[in-house]
Amino acid sequence: MTLDKLLSKLEYTVVSGKTDMEISDVIYDSRKVVKDCVFVCLIGSAFDGHEFAQNASDMGAAAVIVSEDISVDGAAVIKVEDTRKALAVMSAEYFGNPAEELTTIGITGTKGKTTTASMVHSILEKGGIKTGIIGTLGIIIGDKHIKTDNTTPESYEIQRAMRQMIDEGCKCCVMEASSLGIKWHRTDGFIFDYGIFTNFSHDHIGGVEHPTMEDYLHCKSMLFRQCRVGIMNIDDPTYEKMLEGHTCTVETYGCNEGAQLRASDASLISRAGYLGVHFRLGGCLYMDIDVAIPGMFTVHNALAAIAVCRHFDITEKNIYDGLNEVKVKGRVESVKVPGNYTLLIDYAHNAVSMENILTTLREYNPNRLITLFGAGGNRPRDRRFEMGEISGKLSDLSVVTEDNSRMEAVEDIIADIKVGLDKTNGKYITIPDRTDAIRYCIENAQDGDIIVLAGKGHEDYQDKNGVKTHYDEREVIAGILEEMTESV
């Protein structure tokens, strides 16, 4: 593809060189420069790509895209107002504007993006609509799972993933649109067919993220100038502010009587191996819903998923089955076990997230709530004290073990956790080896127990003594259950 074709939707100035040359790739990491590529000089919190422009040229880049006045020998220099926006637009062009061949759904909000994306995916797949996901859990295309560094990856990775989705037969792409992803133009280069707003609360303030809550909210609201239909949680206090300056058609969901899609009569569902919620739909769709994810907050996530999925050619049964069988990897994920108890895997790895999940599970009135957890090494010790105290207060039994101890001794981390536990009357035991700890929980489970393995979630590794080794709790559980069956 020629450089002028890549630049066709941008305003730019040719500082030097020409634009009718063939370009081999669009590159934004100077370490990955290849011959005849165009190198885009991004500016980050800890780097400035302009500093590597000459090096990129020396390595074979045919052109560099800049937003500052610099001179580069041996390569064409093209100046734009914002190189991040330029990267998004050029990447879309390079991959053939894949969003034009997909139905695209962007989800923004402080909480619930990952769960809502998984719900949408589950419903649409039940309806025979192959759907890809881009988000916290990585890029998911059928059985393929590609790890990413950010909830919303760089624009080039997004465009490449959407092209891969089309090649694999996907008709829809559901994407978590983080505030930083929107702020840094990662989601530029196309218009979402649907944008979803889940909720808004304090997060990502300070440092290199958002200077103020106002900036945080503003960045999220930008999605609704970049989508055709905005699907909004009318129950959230910031609902109207989120729509300031919007250019999309607006639809609403919530428990409020004014919502176009409403939930009522919500209740908890609890049986061995299944914790969830039930509610009744009203407004533009009438049916009963069961969702296989615990917590009353699940109602709003499910409403958001239904609100967008009803625009597709699917049945009410697809909606019901998709939510009744939905799983979110590492988010209160139920693992099938032969006993009359419930075993969950969750990513909770700090005091706030632990308090949230344990408080939610308490609402199901378990026989015992058993929490297995550890704490990360080379991290503030206060976190360990706090986690111990929360588990001691909310769990009937805490099983303290290892979790990414990194360069610290597991025993030292456990000792810190015990400081918090000892402030409570909670019972606890320590089992340093995580597999042994999981085995203990399974072998000693009682009818009606809820056991939550906290901390690892979707992770499939242990980081110990500076080495990462494969460790997937689902595989560990399967191995323990097989051993128990063989020993009978």
# chains A, B, ... in the order shown; residues from 1 in each chain; ligands from 1
$ residues_around --residues "range 42-53 of chain A" --least-positions-apart "3" --cutoff "7 Å" --atoms "only C-alpha atoms" --output "NGL selection string"
:A and (28 or 30 or 56-57 or 64 or 66 or 72 or 83-84 or 208)
$ select_by_dssp --residues "range 409-487 of chain A" --states "alpha helix (DSSP H)" --output "ChimeraX atom specification"
/A:410-421,434-443,473-487
$ write_last_selection --atoms "N, CA and C atoms" --output "compact mmCIF listing (two decimals), in the first residue's frame"
# COMPACT_ATOMS: atom_id res chain seq x y z
N VAL A 410 7.90 -16.80 50.26
CA VAL A 410 6.47 -17.01 50.49
C VAL A 410 6.15 -16.90 51.98
N GLU A 411 7.00 -17.46 52.83
CA GLU A 411 6.76 -17.46 54.27
C GLU A 411 6.69 -16.04 54.83
N ASP A 412 7.49 -15.13 54.27
CA ASP A 412 7.46 -13.74 54.74
C ASP A 412 6.15 -13.06 54.37
N ILE A 413 5.67 -13.34 53.17
CA ILE A 413 4.40 -12.76 52.72
C ILE A 413 3.25 -13.29 53.58
N ILE A 414 3.27 -14.58 53.83
CA ILE A 414 2.23 -15.19 54.67
C ILE A 414 2.24 -14.59 56.07
N ALA A 415 3.43 -14.34 56.59
CA ALA A 415 3.55 -13.74 57.93
C ALA A 415 2.89 -12.36 57.97
N ASP A 416 3.04 -11.60 56.89
CA ASP A 416 2.40 -10.28 56.82
C ASP A 416 0.87 -10.42 56.76
N ILE A 417 0.39 -11.38 55.99
CA ILE A 417 -1.07 -11.60 55.90
C ILE A 417 -1.63 -11.97 57.27
N LYS A 418 -0.88 -12.75 58.01
CA LYS A 418 -1.33 -13.19 59.34
C LYS A 418 -1.47 -12.01 60.31
N VAL A 419 -0.70 -10.94 60.09
CA VAL A 419 -0.82 -9.75 60.93
C VAL A 419 -2.25 -9.21 60.84
N GLY A 420 -2.78 -9.16 59.61
CA GLY A 420 -4.15 -8.71 59.42
C GLY A 420 -5.16 -9.70 59.95
N LEU A 421 -4.94 -10.97 59.70
CA LEU A 421 -5.86 -12.00 60.18
C LEU A 421 -5.97 -11.99 61.70
N ARG A 434 0.47 -23.63 46.77
CA ARG A 434 -0.90 -23.32 46.34
C ARG A 434 -1.68 -24.57 45.93
N THR A 435 -1.02 -25.49 45.25
CA THR A 435 -1.72 -26.72 44.84
C THR A 435 -2.15 -27.53 46.06
N ASP A 436 -1.28 -27.62 47.05
CA ASP A 436 -1.65 -28.32 48.29
C ASP A 436 -2.81 -27.61 48.98
N ALA A 437 -2.82 -26.29 48.92
CA ALA A 437 -3.90 -25.51 49.55
C ALA A 437 -5.23 -25.76 48.85
N ILE A 438 -5.20 -25.81 47.51
CA ILE A 438 -6.42 -26.09 46.75
C ILE A 438 -6.91 -27.50 47.06
N ARG A 439 -5.97 -28.44 47.13
CA ARG A 439 -6.35 -29.83 47.47
C ARG A 439 -7.01 -29.89 48.83
N TYR A 440 -6.48 -29.17 49.79
CA TYR A 440 -7.07 -29.16 51.13
C TYR A 440 -8.52 -28.67 51.08
N CYS A 441 -8.75 -27.58 50.34
CA CYS A 441 -10.11 -27.03 50.25
C CYS A 441 -11.08 -28.03 49.65
N ILE A 442 -10.66 -28.70 48.59
CA ILE A 442 -11.54 -29.66 47.91
C ILE A 442 -11.79 -30.88 48.79
N GLU A 443 -10.74 -31.39 49.40
CA GLU A 443 -10.88 -32.61 50.20
C GLU A 443 -11.71 -32.37 51.47
N GLU A 473 -5.29 -22.67 37.40
CA GLU A 473 -6.03 -23.31 38.49
C GLU A 473 -7.08 -24.29 37.98
N ARG A 474 -7.60 -24.08 36.79
CA ARG A 474 -8.56 -25.04 36.25
C ARG A 474 -7.91 -26.39 36.02
N GLU A 475 -6.68 -26.37 35.51
CA GLU A 475 -5.94 -27.62 35.29
C GLU A 475 -5.56 -28.26 36.62
N VAL A 476 -5.19 -27.42 37.59
CA VAL A 476 -4.84 -27.93 38.92
C VAL A 476 -6.04 -28.63 39.55
N ILE A 477 -7.19 -28.01 39.48
CA ILE A 477 -8.41 -28.59 40.05
C ILE A 477 -8.74 -29.92 39.37
N ALA A 478 -8.65 -29.93 38.03
CA ALA A 478 -8.94 -31.16 37.28
C ALA A 478 -8.01 -32.29 37.71
N GLY A 479 -6.73 -31.94 37.91
CA GLY A 479 -5.76 -32.96 38.33
C GLY A 479 -6.07 -33.50 39.72
N ILE A 480 -6.45 -32.62 40.63
CA ILE A 480 -6.78 -33.04 42.01
C ILE A 480 -8.01 -33.94 41.99
N LEU A 481 -9.03 -33.57 41.25
CA LEU A 481 -10.25 -34.38 41.18
C LEU A 481 -9.97 -35.74 40.57
N GLU A 482 -9.08 -35.79 39.57
CA GLU A 482 -8.71 -37.07 38.97
C GLU A 482 -7.99 -37.95 39.97
N GLU A 483 -7.07 -37.35 40.73
CA GLU A 483 -6.36 -38.12 41.77
C GLU A 483 -7.33 -38.67 42.81
N MET A 484 -8.31 -37.86 43.19
CA MET A 484 -9.28 -38.30 44.20
C MET A 484 -10.14 -39.45 43.67
N THR A 485 -10.48 -39.39 42.38
CA THR A 485 -11.29 -40.45 41.78
C THR A 485 -10.50 -41.76 41.72
N GLU A 486 -9.22 -41.64 41.34
CA GLU A 486 -8.38 -42.83 41.23
C GLU A 486 -8.10 -43.49 42.56
N SER A 487 -8.11 -42.69 43.63
CA SER A 487 -7.79 -43.25 44.96
C SER A 487 -8.98 -43.92 45.63
$ select_by_dssp --residues "range 68-192 of chain A" --states "strand (DSSP E or B)" --output "number ranges by chain"
A: 76-79, 103-108, 131-135, 138-141, 144-146, 172-176, 192
$ atom_distance --atom1 "CA of Glu389 in chain A" --atom2 "CA of Gly374 in chain A"
12.7 Å
$ residues_around --residues "Ile269 in chain A" --least-positions-apart "6" --cutoff "9 Å" --atoms "only C-alpha atoms" --output "list in words"
Leu275, Gly276, Val277, His278, Asp290, Val291, Ala292, Pro294 and Tyr364 of chain A
$ closest_residue --among "A:Pro338, A:Gly283, A:Gly330, A:Gly377" --to "Gly457 in chain A" --atoms "only C-alpha atoms"
A:Gly330
